[in-house]
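Asker: work-v7.pdb is reproduced below (PDB, C-alpha atoms).
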ATOM      1  CA  MET Q   1      59.811 -34.356  13.348
ATOM      2  CA  THR Q   2      58.889 -32.325  10.288
ATOM      3  CA  ALA Q   3      56.597 -29.333   9.845
ATOM      4  CA  ARG Q   4      54.218 -29.031   6.912
ATOM      5  CA  PHE Q   5      53.718 -25.723   5.115
ATOM      6  CA  ILE Q   6      50.950 -24.691   2.704
ATOM      7  CA  LEU Q   7      50.572 -21.362   0.901
ATOM      8  CA  SER Q   8      47.209 -20.685  -0.742
ATOM      9  CA  LEU Q   9      46.190 -17.610  -2.703
ATOM     10  CA  ASP Q  10      42.609 -16.449  -3.241
ATOM     11  CA  CYS Q  11      42.688 -15.116  -6.815
ATOM     12  CA  GLU Q  12      39.743 -12.813  -7.415
ATOM     13  CA  GLY Q  13      40.535  -9.820  -9.596
ATOM     14  CA  LYS Q  14      37.583  -7.521  -8.991
ATOM     15  CA  TRP Q  15      35.113 -10.358  -8.488
ATOM     16  CA  GLY Q  16      35.959 -10.457  -4.795
ATOM     17  CA  VAL Q  17      34.851  -6.845  -4.294
ATOM     18  CA  ALA Q  18      32.028  -6.685  -6.852
ATOM     19  CA  ASP Q  19      29.461  -5.852  -4.167
ATOM     20  CA  HIS Q  20      31.473  -2.929  -2.800
ATOM     21  CA  LEU Q  21      33.309  -1.426  -5.739
ATOM     22  CA  GLY Q  22      34.573   2.017  -4.837
ATOM     23  CA  ARG Q  23      37.136   4.496  -6.070
ATOM     24  CA  ASN Q  24      39.970   2.764  -4.250
ATOM     25  CA  GLU Q  25      39.176  -0.591  -5.848
ATOM     26  CA  GLN Q  26      38.789   0.953  -9.280
ATOM     27  CA  ARG Q  27      42.091   2.766  -8.920
ATOM     28  CA  SER Q  28      44.147  -0.107  -7.529
ATOM     29  CA  LEU Q  29      42.729  -3.213  -9.241
ATOM     30  CA  THR Q  30      43.588  -2.332 -12.816
ATOM     31  CA  ASP Q  31      44.803  -4.876 -15.341
ATOM     32  CA  ASP Q  32      48.337  -3.488 -15.150
ATOM     33  CA  ALA Q  33      48.416  -3.574 -11.343
ATOM     34  CA  LEU Q  34      47.100  -7.128 -11.245
ATOM     35  CA  ARG Q  35      49.586  -8.332 -13.838
ATOM     36  CA  ALA Q  36      52.424  -6.777 -11.844
ATOM     37  CA  ALA Q  37      51.222  -8.390  -8.597
ATOM     38  CA  TYR Q  38      50.854 -11.888 -10.046
ATOM     39  CA  SER Q  39      54.213 -11.625 -11.817
ATOM     40  CA  ALA Q  40      55.905 -10.538  -8.584
ATOM     41  CA  ILE Q  41      54.375 -13.410  -6.603
ATOM     42  CA  LEU Q  42      55.343 -16.009  -9.182
ATOM     43  CA  GLY Q  43      58.865 -14.602  -9.300
ATOM     44  CA  LEU Q  44      59.131 -14.799  -5.516
ATOM     45  CA  LEU Q  45      57.898 -18.392  -5.452
ATOM     46  CA  ASP Q  46      60.420 -19.279  -8.167
ATOM     47  CA  GLU Q  47      63.192 -17.640  -6.155
ATOM     48  CA  TYR Q  48      62.479 -19.759  -3.067
ATOM     49  CA  GLU Q  49      61.188 -22.791  -5.002
ATOM     50  CA  VAL Q  50      57.912 -22.898  -3.094
ATOM     51  CA  PRO Q  51      54.909 -24.434  -4.908
ATOM     52  CA  ALA Q  52      51.573 -22.918  -3.924
ATOM     53  CA  THR Q  53      47.848 -23.254  -4.487
ATOM     54  CA  PHE Q  54      46.282 -20.515  -6.613
ATOM     55  CA  ALA Q  55      42.504 -20.708  -6.180
ATOM     56  CA  PHE Q  56      40.817 -18.684  -8.920
ATOM     57  CA  VAL Q  57      37.296 -17.355  -9.083
ATOM     58  CA  GLY Q  58      36.082 -19.259 -12.122
ATOM     59  CA  LEU Q  59      34.954 -16.171 -14.027
ATOM     60  CA  PHE Q  60      38.224 -14.361 -13.304
ATOM     61  CA  GLY Q  61      40.043 -17.259 -14.953
ATOM     62  CA  GLU Q  62      38.086 -16.801 -18.175
ATOM     63  CA  SER Q  63      39.269 -14.885 -21.220
ATOM     64  CA  PRO Q  64      36.872 -12.249 -22.597
ATOM     65  CA  ALA Q  65      35.828 -14.769 -25.259
ATOM     66  CA  GLY Q  66      35.288 -17.525 -22.709
ATOM     67  CA  PHE Q  67      33.312 -15.140 -20.528
ATOM     68  CA  ARG Q  68      31.002 -14.306 -23.435
ATOM     69  CA  THR Q  69      30.111 -17.998 -23.832
ATOM     70  CA  LEU Q  70      28.911 -18.002 -20.216
ATOM     71  CA  ARG Q  71      27.202 -14.618 -20.295
ATOM     72  CA  ALA Q  72      23.589 -15.797 -20.611
ATOM     73  CA  GLU Q  73      23.900 -17.982 -17.506
ATOM     74  CA  ILE Q  74      25.707 -15.232 -15.617
ATOM     75  CA  ASP Q  75      22.927 -12.780 -16.446
ATOM     76  CA  ARG Q  76      20.405 -15.291 -15.127
ATOM     77  CA  LEU Q  77      22.340 -15.668 -11.867
ATOM     78  CA  ALA Q  78      22.668 -11.888 -11.599
ATOM     79  CA  GLY Q  79      18.900 -11.648 -11.570
ATOM     80  CA  LYS Q  80      18.875 -13.825  -8.440
ATOM     81  CA  ALA Q  81      21.876 -12.203  -6.713
ATOM     82  CA  PRO Q  82      21.900  -8.636  -8.055
ATOM     83  CA  GLU Q  83      23.851  -7.149  -5.141
ATOM     84  CA  TYR Q  84      26.844  -9.366  -5.975
ATOM     85  CA  LEU Q  85      26.815  -9.751  -9.745
ATOM     86  CA  ALA Q  86      24.987  -6.763 -11.244
ATOM     87  CA  PRO Q  87      27.758  -4.254 -10.320
ATOM     88  CA  ALA Q  88      30.335  -6.507 -11.955
ATOM     89  CA  LEU Q  89      28.367  -6.733 -15.177
ATOM     90  CA  ARG Q  90      27.846  -2.963 -15.270
ATOM     91  CA  ASP Q  91      31.569  -2.331 -14.911
ATOM     92  CA  ILE Q  92      32.393  -4.960 -17.536
ATOM     93  CA  ASP Q  93      29.903  -3.507 -20.012
ATOM     94  CA  ASP Q  94      29.977   0.235 -19.402
ATOM     95  CA  GLY Q  95      32.618   0.992 -16.770
ATOM     96  CA  SER Q  96      36.342   0.517 -16.442
ATOM     97  CA  ARG Q  97      36.244  -2.981 -18.048
ATOM     98  CA  GLU Q  98      39.419  -3.782 -16.080
ATOM     99  CA  GLY Q  99      40.170  -6.381 -13.433
ATOM    100  CA  TRP Q 100      37.593  -8.949 -14.510
ATOM    101  CA  HIS Q 101      39.451 -11.253 -16.927
ATOM    102  CA  GLY Q 102      42.556 -13.045 -15.605
ATOM    103  CA  ASP Q 103      43.090 -15.876 -18.093
ATOM    104  CA  TRP Q 104      46.677 -14.612 -18.428
ATOM    105  CA  ALA Q 105      47.193 -15.293 -14.699
ATOM    106  CA  VAL Q 106      45.892 -18.856 -15.006
ATOM    107  CA  ASP Q 107      48.253 -19.414 -17.934
ATOM    108  CA  ALA Q 108      51.222 -18.003 -16.006
ATOM    109  CA  VAL Q 109      50.514 -20.161 -12.958
ATOM    110  CA  GLY Q 110      49.965 -23.249 -15.088
ATOM    111  CA  SER Q 111      53.219 -22.809 -16.989
ATOM    112  CA  SER Q 112      55.404 -22.494 -13.866
ATOM    113  CA  ARG Q 113      58.105 -25.120 -13.505
ATOM    114  CA  LEU Q 114      57.161 -25.537  -9.824
ATOM    115  CA  GLY Q 115      53.860 -27.277 -10.505
ATOM    116  CA  HIS Q 116      51.606 -24.822  -8.694
ATOM    117  CA  GLU Q 117      48.088 -26.083  -8.078
ATOM    118  CA  ILE Q 118      45.173 -24.335  -9.793
ATOM    119  CA  ALA Q 119      42.107 -24.558  -7.537
ATOM    120  CA  LEU Q 120      38.599 -23.076  -7.436
ATOM    121  CA  HIS Q 121      37.501 -20.061  -5.384
ATOM    122  CA  GLY Q 122      33.855 -20.225  -6.380
ATOM    123  CA  VAL Q 123      32.610 -19.745  -9.920
ATOM    124  CA  THR Q 124      31.374 -16.165  -9.446
ATOM    125  CA  HIS Q 125      32.503 -15.478  -5.835
ATOM    126  CA  LEU Q 126      28.977 -15.670  -4.450
ATOM    127  CA  PRO Q 127      29.241 -16.288  -0.668
ATOM    128  CA  TRP Q 128      27.286 -19.509  -0.262
ATOM    129  CA  ALA Q 129      26.194 -18.964   3.324
ATOM    130  CA  LYS Q 130      24.510 -15.714   2.261
ATOM    131  CA  VAL Q 131      22.801 -16.815  -0.959
ATOM    132  CA  GLY Q 132      21.508 -20.227   0.112
ATOM    133  CA  ARG Q 133      21.831 -23.785  -1.089
ATOM    134  CA  GLU Q 134      19.682 -23.589  -4.238
ATOM    135  CA  LEU Q 135      21.564 -20.643  -5.708
ATOM    136  CA  ALA Q 136      24.906 -22.105  -4.635
ATOM    137  CA  ALA Q 137      24.069 -25.275  -6.587
ATOM    138  CA  GLU Q 138      23.080 -23.235  -9.652
ATOM    139  CA  GLU Q 139      26.327 -21.309  -9.536
ATOM    140  CA  LEU Q 140      28.384 -24.463  -9.121
ATOM    141  CA  ALA Q 141      26.683 -25.980 -12.158
ATOM    142  CA  LEU Q 142      28.616 -23.464 -14.281
ATOM    143  CA  PHE Q 143      31.884 -25.162 -13.275
ATOM    144  CA  SER Q 144      31.635 -27.685 -16.111
ATOM    145  CA  SER Q 145      31.374 -24.832 -18.637
ATOM    146  CA  LEU Q 146      34.589 -23.071 -17.603
ATOM    147  CA  THR Q 147      37.037 -23.009 -20.492
ATOM    148  CA  SER Q 148      40.259 -22.440 -18.525
ATOM    149  CA  ALA Q 149      42.309 -24.820 -16.390
ATOM    150  CA  VAL Q 150      40.238 -23.666 -13.414
ATOM    151  CA  GLY Q 151      37.592 -26.055 -14.740
ATOM    152  CA  ARG Q 152      39.850 -28.957 -13.726
ATOM    153  CA  SER Q 153      40.256 -27.855 -10.092
ATOM    154  CA  ARG Q 154      40.298 -30.483  -7.372
ATOM    155  CA  THR Q 155      40.388 -28.344  -4.212
ATOM    156  CA  PHE Q 156      38.172 -25.444  -3.181
ATOM    157  CA  ILE Q 157      38.420 -22.229  -1.197
ATOM    158  CA  TYR Q 158      35.102 -20.729  -0.153
ATOM    159  CA  PRO Q 159      34.435 -17.091  -1.087
ATOM    160  CA  ARG Q 160      34.587 -14.890   2.002
ATOM    161  CA  ASN Q 161      35.563 -18.059   3.926
ATOM    162  CA  GLN Q 162      31.873 -18.916   4.292
ATOM    163  CA  VAL Q 163      31.978 -22.712   4.457
ATOM    164  CA  ALA Q 164      28.569 -24.173   3.563
ATOM    165  CA  HIS Q 165      26.958 -27.013   1.599
ATOM    166  CA  VAL Q 166      30.148 -29.082   1.501
ATOM    167  CA  ASP Q 167      28.275 -31.994  -0.067
ATOM    168  CA  LEU Q 168      27.740 -29.943  -3.247
ATOM    169  CA  LEU Q 169      31.490 -30.039  -3.896
ATOM    170  CA  ASP Q 170      31.293 -33.798  -4.411
ATOM    171  CA  ARG Q 171      29.214 -33.196  -7.546
ATOM    172  CA  ILE Q 172      32.156 -31.689  -9.405
ATOM    173  CA  GLY Q 173      34.914 -33.924  -8.079
ATOM    174  CA  ILE Q 174      36.358 -31.560  -5.479
ATOM    175  CA  GLU Q 175      38.591 -33.546  -3.115
ATOM    176  CA  GLY Q 176      39.301 -30.980  -0.404
ATOM    177  CA  TYR Q 177      38.305 -27.546   0.874
ATOM    178  CA  ARG Q 178      39.959 -24.959   3.100
ATOM    179  CA  LEU Q 179      38.255 -24.493   6.450
ATOM    180  CA  ALA Q 180      37.186 -21.056   7.667
ATOM    181  CA  PRO Q 181      39.340 -19.278  10.263
ATOM    182  CA  ARG Q 182      37.816 -18.571  13.649
ATOM    183  CA  SER Q 183      35.445 -15.616  13.468
ATOM    184  CA  ARG Q 184      36.648 -12.548  15.345
ATOM    185  CA  SER Q 185      36.260  -8.798  15.269
ATOM    186  CA  ARG Q 186      38.623  -6.613  13.259
ATOM    187  CA  ALA Q 187      40.183  -5.345  16.473
ATOM    188  CA  ALA Q 188      40.763  -8.880  17.748
ATOM    189  CA  SER Q 189      42.129  -9.948  14.391
ATOM    190  CA  LEU Q 190      44.590  -7.067  14.409
ATOM    191  CA  ALA Q 191      45.623  -7.804  18.009
ATOM    192  CA  SER Q 192      46.261 -11.439  17.130
ATOM    193  CA  GLU Q 193      49.037 -10.348  14.773
ATOM    194  CA  PHE Q 194      51.109  -9.546  17.889
ATOM    195  CA  ASN Q 195      50.586 -12.978  19.475
ATOM    196  CA  LEU Q 196      53.950 -14.744  19.269
ATOM    197  CA  LEU Q 197      52.357 -17.827  20.845
ATOM    198  CA  THR Q 198      50.006 -18.425  17.906
ATOM    199  CA  PRO Q 199      49.863 -22.207  17.487
ATOM    200  CA  PRO Q 200      50.295 -24.164  14.271
ATOM    201  CA  GLU Q 201      47.378 -26.350  13.199
ATOM    202  CA  SER Q 202      46.710 -30.064  13.399
ATOM    203  CA  ASP Q 203      44.994 -32.334  10.888
ATOM    204  CA  PRO Q 204      41.245 -31.696  11.196
ATOM    205  CA  PRO Q 205      38.911 -34.670  11.736
ATOM    206  CA  SER Q 206      38.032 -36.198   8.370
ATOM    207  CA  ALA Q 207      35.410 -38.630   7.111
ATOM    208  CA  PRO Q 208      36.616 -41.509   4.941
ATOM    209  CA  ALA Q 209      34.499 -40.269   2.002
ATOM    210  CA  GLY Q 210      33.688 -36.865   0.538
ATOM    211  CA  PRO Q 211      35.858 -33.748   0.321
ATOM    212  CA  LEU Q 212      38.459 -33.503   3.074
ATOM    213  CA  PRO Q 213      38.887 -30.376   5.223
ATOM    214  CA  ILE Q 214      42.191 -28.523   4.942
ATOM    215  CA  PRO Q 215      43.445 -26.467   7.916
ATOM    216  CA  ALA Q 216      42.109 -22.911   7.772
ATOM    217  CA  GLY Q 217      45.480 -21.214   8.059
ATOM    218  CA  TYR Q 218      46.497 -17.658   8.867
ATOM    219  CA  PHE Q 219      46.175 -14.518   6.769
ATOM    220  CA  VAL Q 220      49.438 -12.886   5.677
ATOM    221  CA  ASN Q 221      49.155  -9.433   7.223
ATOM    222  CA  TRP Q 222      47.980  -7.021   4.524
ATOM    223  CA  GLN Q 223      50.138  -3.897   4.646
ATOM    224  CA  LYS Q 224      47.186  -1.525   4.371
ATOM    225  CA  SER Q 225      45.223   0.750   6.701
ATOM    226  CA  LEU Q 226      45.589  -0.117  10.404
ATOM    227  CA  ARG Q 227      47.342  -3.395   9.565
ATOM    228  CA  ARG Q 228      50.392  -1.341   8.595
ATOM    229  CA  LEU Q 229      50.843  -0.664  12.317
ATOM    230  CA  VAL Q 230      52.034  -4.248  12.796
ATOM    231  CA  PRO Q 231      55.820  -4.230  12.230
ATOM    232  CA  GLN Q 232      56.923  -6.776   9.662
ATOM    233  CA  ALA Q 233      59.525  -7.955  12.159
ATOM    234  CA  VAL Q 234      56.702  -8.975  14.507
ATOM    235  CA  SER Q 235      54.847 -10.848  11.763
ATOM    236  CA  ASN Q 236      58.074 -12.588  10.787
ATOM    237  CA  ALA Q 237      58.834 -13.574  14.385
ATOM    238  CA  ARG Q 238      55.286 -14.861  14.890
ATOM    239  CA  PHE Q 239      55.572 -17.011  11.788
ATOM    240  CA  GLY Q 240      58.987 -18.336  12.791
ATOM    241  CA  ALA Q 241      57.648 -19.377  16.184
ATOM    242  CA  MET Q 242      54.759 -21.215  14.508
ATOM    243  CA  LEU Q 243      57.179 -23.059  12.235
ATOM    244  CA  ARG Q 244      59.303 -24.174  15.183
ATOM    245  CA  ARG Q 245      56.258 -25.480  17.054
ATOM    246  CA  ALA Q 246      55.053 -27.216  13.897
ATOM    247  CA  GLN Q 247      58.413 -28.985  13.592
ATOM    248  CA  ARG Q 248      58.181 -30.324  17.141
ATOM    249  CA  GLY Q 249      54.735 -31.800  16.605
ATOM    250  CA  SER Q 250      54.653 -32.562  12.851
ATOM    251  CA  ARG Q 251      51.919 -29.951  12.536
ATOM    252  CA  ILE Q 252      50.847 -27.543   9.807
ATOM    253  CA  VAL Q 253      51.416 -23.864   9.097
ATOM    254  CA  HIS Q 254      49.040 -22.733   6.351
ATOM    255  CA  LEU Q 255      49.330 -19.131   5.156
ATOM    256  CA  TRP Q 256      46.937 -17.454   2.741
ATOM    257  CA  LEU Q 257      46.469 -14.104   1.054
ATOM    258  CA  HIS Q 258      45.081 -12.531  -2.102
ATOM    259  CA  PRO Q 259      47.393 -11.458  -4.939
ATOM    260  CA  GLU Q 260      45.112  -8.422  -4.961
ATOM    261  CA  ASN Q 261      46.475  -7.537  -1.488
ATOM    262  CA  ILE Q 262      49.818  -6.947  -3.175
ATOM    263  CA  ALA Q 263      48.245  -4.925  -5.987
ATOM    264  CA  THR Q 264      46.630  -2.638  -3.409
ATOM    265  CA  ALA Q 265      49.515  -2.625  -0.901
ATOM    266  CA  PRO Q 266      52.851  -3.570  -2.534
ATOM    267  CA  ALA Q 267      54.663  -3.657   0.828
ATOM    268  CA  THR Q 268      52.814  -6.942   1.462
ATOM    269  CA  LEU Q 269      55.227  -8.552  -0.987
ATOM    270  CA  SER Q 270      58.229  -7.689   1.186
ATOM    271  CA  LEU Q 271      56.554  -9.396   4.162
ATOM    272  CA  LEU Q 272      55.787 -12.472   2.069
ATOM    273  CA  ARG Q 273      59.441 -12.572   1.019
ATOM    274  CA  LYS Q 274      60.548 -12.672   4.673
ATOM    275  CA  LEU Q 275      58.147 -15.501   5.453
ATOM    276  CA  LEU Q 276      59.132 -17.592   2.425
ATOM    277  CA  ARG Q 277      62.803 -17.119   3.259
ATOM    278  CA  GLN Q 278      62.137 -18.865   6.571
ATOM    279  CA  VAL Q 279      60.213 -21.645   4.834
ATOM    280  CA  ALA Q 280      63.066 -22.257   2.390
ATOM    281  CA  ARG Q 281      65.599 -22.370   5.209
ATOM    282  CA  VAL Q 282      63.796 -24.988   7.294
ATOM    283  CA  ARG Q 283      62.815 -26.979   4.194
ATOM    284  CA  ASP Q 284      66.420 -27.100   3.010
ATOM    285  CA  ALA Q 285      67.405 -28.295   6.489
ATOM    286  CA  GLY Q 286      64.983 -31.202   6.098
ATOM    287  CA  GLN Q 287      62.647 -29.875   8.794
ATOM    288  CA  CYS Q 288      59.656 -28.841   6.659
ATOM    289  CA  LYS Q 289      57.669 -30.264   3.746
ATOM    290  CA  VAL Q 290      56.067 -27.747   1.383
ATOM    291  CA  LEU Q 291      52.662 -28.899   0.121
ATOM    292  CA  THR Q 292      49.892 -27.604  -2.087
ATOM    293  CA  GLN Q 293      46.330 -28.076  -0.902
ATOM    294  CA  LEU Q 294      45.965 -31.062  -3.225
ATOM    295  CA  ASP Q 295      49.212 -32.580  -1.926
ATOM    296  CA  TYR Q 296      47.861 -32.255   1.593
ATOM    297  CA  VAL Q 297      44.536 -33.886   0.700
ATOM    298  CA  GLN Q 298      46.143 -36.808  -1.091
ATOM    299  CA  ARG Q 299      48.572 -37.472   1.777
ATOM    300  CA  ARG Q 300      45.792 -37.157   4.322
ATOM    301  CA  ARG Q 301      43.581 -39.541   2.353
ATOM    302  CA  ALA Q 302      46.395 -42.098   2.224
ATOM    303  CA  ALA Q 303      46.968 -41.771   5.981
ATOM    304  CA  ILE Q 304      43.273 -42.307   6.697
ATOM    305  CA  ALA Q 305      43.198 -45.370   4.448
ATOM    306  CA  ALA Q 306      46.254 -46.762   6.201
ATOM    307  CA  GLY Q 307      44.522 -46.400   9.560
TER     308      GLY Q 307
END
Mind converting the file's structure to structure tokens?
Answerer:
Amino acid sequence: MTARFILSLDCEGKWGVADHLGRNEQRSLTDDALRAAYSAILGLLDEYEVPATFAFVGLFGESPAGFRTLRAEIDRLAGKAPEYLAPALRDIDDGSREGWHGDWAVDAVGSSRLGHEIALHGVTHLPWAKVGRELAAEELALFSSLTSAVGRSRTFIYPRNQVAHVDLLDRIGIEGYRLAPRSRSRAASLASEFNLLTPPESDPPSAPAGPLPIPAGYFVNWQKSLRRLVPQAVSNARFGAMLRRAQRGSRIVHLWLHPENIATAPATLSLLRKLLRQVARVRDAGQCKVLTQLDYVQRRRAAIAAG
């Protein structure tokens, strides 16, 4: 039997923390730090020949010029969700002006020889479960105006993992979306990092039409704050055990993280290297298939059609 492995990255720049921008975020999420983090990740994926899904916040994928073409609509949305968007616009206009435009990252991902997938992580990073269906639909309507390759995305990762209004994704041709991980407290989440019996995932139930759910996956332990207390050797052993169980049952190990986690805690890259080394080893032994989210959706759709 063969395991399946997916790596997805939630690419946010500062849009993911716009509603709680503080000194730490301003200091660590600079343009230079973000460029270094994305370059390091792409280099690591090249080294182990692992294609991945990079899901960009639509506005982060825009160049400054592209952003200006959308500005009137963004200002209108900011009036309806000021706690999320107004701080971003203030920092873009009169603050640091850094960390908001990542068109260079979209270009770098798109030009990789590995064929990484470019997906959507919300247009503005509004959490849909918090803002409601009407505003979620208004935000999603901006998708067709995106000027970067993000505007051709076919899979979706919900901001803050708040899965809601899945039917709206059909309007823009989204074929699949990542499920939300099980809700738990920070203490329980930290404790789970020591669980060497963590199971891989199975294919979630899927309807024959509409966007297909993609297994929620597991967060790559961010080497920051209390999470630094988890030895990388433990995280590596936990992942290896999941891969072995996935092989026995043809199941899925889906890992995810933010490139911004590496910008704020560079030691996270060394953990990711250890995990990808294991993936490459079992893949080269013919015991694991590496998929993007879109690969997974297309294979799952074919399996459903075949009965």
Asker: For the PyMOL selection byres ((chain Q and resi 189) around 12), applied here, can you spell out every residue it catches as a list in words?
Answerer: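 For this structure, the PyMOL selection byres ((chain Q and resi 189) around 12) resolves to Pro181, Arg182, Ser183, Arg184, Ser185, Arg186, Ala187, Ala188, Leu190, Ala191, Ser192, Glu193, Phe194, Asn195, Tyr218, Phe219, Val220, Asn221, Trp222, Leu226, Arg227 and Val230 of chain Q.
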Asker: For stretch 220-244 of chain Q against stretch 1-25 of chain Q, with a cut-off of 12 Å and counting only C-alpha atoms, what is the closest atom pair and its distance in Å to one decimal for every residue that makes the cut, ordered by chain and number, as CSV?
Answerer:
residue,atom,partner,partner_atom,distance
Q:Val220,CA,Q:Leu7,CA,9.8
Q:Phe239,CA,Q:Phe5,CA,11.1
Q:Gly240,CA,Q:Ala3,CA,11.6
Q:Ala241,CA,Q:Ala3,CA,11.8
Q:Met242,CA,Q:Ala3,CA,9.5
Q:Leu243,CA,Q:Ala3,CA,6.7
Q:Arg244,CA,Q:Ala3,CA,7.9
Asker: How would you write, as number ranges by chain, the residues chosen by the PyMOL selection byres ((chain Q and resi 269-276) around 9) on this structure?
Answerer: Q: 37, 40-41, 44-45, 48, 50, 220-223, 232-233, 235-236, 239-240, 261-262, 265-268, 277-281
Asker: Kindly export the residues of the current selection with C-alpha atoms, as a compact mmCIF listing (two decimals), in the frame of the given file.
Answerer:
# COMPACT_ATOMS: atom_id res chain seq x y z
CA ALA Q 37 51.22 -8.39 -8.60
CA ALA Q 40 55.90 -10.54 -8.58
CA ILE Q 41 54.38 -13.41 -6.60
CA LEU Q 44 59.13 -14.80 -5.52
CA LEU Q 45 57.90 -18.39 -5.45
CA TYR Q 48 62.48 -19.76 -3.07
CA VAL Q 50 57.91 -22.90 -3.09
CA VAL Q 220 49.44 -12.89 5.68
CA ASN Q 221 49.16 -9.43 7.22
CA TRP Q 222 47.98 -7.02 4.52
CA GLN Q 223 50.14 -3.90 4.65
CA GLN Q 232 56.92 -6.78 9.66
CA ALA Q 233 59.52 -7.96 12.16
CA SER Q 235 54.85 -10.85 11.76
CA ASN Q 236 58.07 -12.59 10.79
CA PHE Q 239 55.57 -17.01 11.79
CA GLY Q 240 58.99 -18.34 12.79
CA ASN Q 261 46.48 -7.54 -1.49
CA ILE Q 262 49.82 -6.95 -3.18
CA ALA Q 265 49.52 -2.62 -0.90
CA PRO Q 266 52.85 -3.57 -2.53
CA ALA Q 267 54.66 -3.66 0.83
CA THR Q 268 52.81 -6.94 1.46
CA ARG Q 277 62.80 -17.12 3.26
CA GLN Q 278 62.14 -18.86 6.57
CA VAL Q 279 60.21 -21.64 4.83
CA ALA Q 280 63.07 -22.26 2.39
CA ARG Q 281 65.60 -22.37 5.21
Asker: To verify the selection step, state as a count of residues only which residues the PyMOL selection byres ((chain Q and resi 58-68) around 10) yields on this input.
Answerer: 43
Asker: Please tabulate, as a Markdown table, the residues of stretch 13-123 of chain Q that come within 7 Å of stretch 290-303 of chain Q, each with its closest pair of atoms and the distance in Å to one decimal, counting all atoms listed in the file and ordering rows by chain, then residue number upward.
Answerer:
| residue | atom | partner | partner_atom | distance |
| --- | --- | --- | --- | --- |
| Q:Val50 | CA | Q:Val290 | CA | 6.9 |
| Q:Pro51 | CA | Q:Thr292 | CA | 6.6 |
| Q:Ala52 | CA | Q:Thr292 | CA | 5.3 |
| Q:Thr53 | CA | Q:Thr292 | CA | 5.4 |
| Q:Glu117 | CA | Q:Thr292 | CA | 6.4 |
Asker: Using all atoms listed in the file, which of the listed residues (Q:Pro199, Q:Gly217, Q:Pro82, Q:Pro159) sits closest to Q:Arg245?
Answerer: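 Between Q:Pro199, Q:Gly217, Q:Pro82, Q:Pro159, the residue approaching Q:Arg245 most closely is Q:Pro199.
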Asker: Specify the axis-aligned box that encloses all atoms of stretch 178-185 of chain Q listed in the file after padding of 8 Å on each side, stating its centre and edge lengths in Å to one decimal as lines of an AutoDock Vina configuration file.
Answerer:
center_x = 37.7
center_y = -16.9
center_z = 9.2
size_x = 20.5
size_y = 32.2
size_z = 28.2
Asker: Please measure the separation of atom CA of Q:Pro259 and atom CA of Q:Tyr38, giving the value in Å to one decimal.
Answerer: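 Spanning atom CA of Q:Pro259 to atom CA of Q:Tyr38 is a straight-line distance of 6.2 Å.
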Asker: Hey, which of Q:Thr264, Q:Gln162, Q:Gln247, Q:Ser202 ends up closest to Q:Gln287? Count all atoms listed in the file.
Answerer: Q:Gln247
Asker: Quick check, in Å to one decimal: how far apart do atom CA of Q:Ser111 and atom CA of Q:Arg154 lie?
Answerer: 17.8 Å
Asker: Calculate how many Å separate atom CA of Q:Ala33 from atom CA of Q:Glu98, rounding to one decimal.
Answerer: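 Interatomic distance, atom CA of Q:Ala33 to atom CA of Q:Glu98: 10.2 Å.
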Asker: Using all atoms listed in the file, which of the listed residues (Q:Leu126, Q:Val234, Q:Leu135, Q:Leu197) sits closest to Q:Tyr84?
Answerer: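 Using all atoms listed in the file, Q:Tyr84 sits closest to Q:Leu126.
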Asker: Go through Q:Val253, Q:Leu229, Q:Ala164, Q:Leu169 and flag the residue nearest Q:Pro127, using all atoms listed in the file for the distances.
Answerer: Q:Ala164
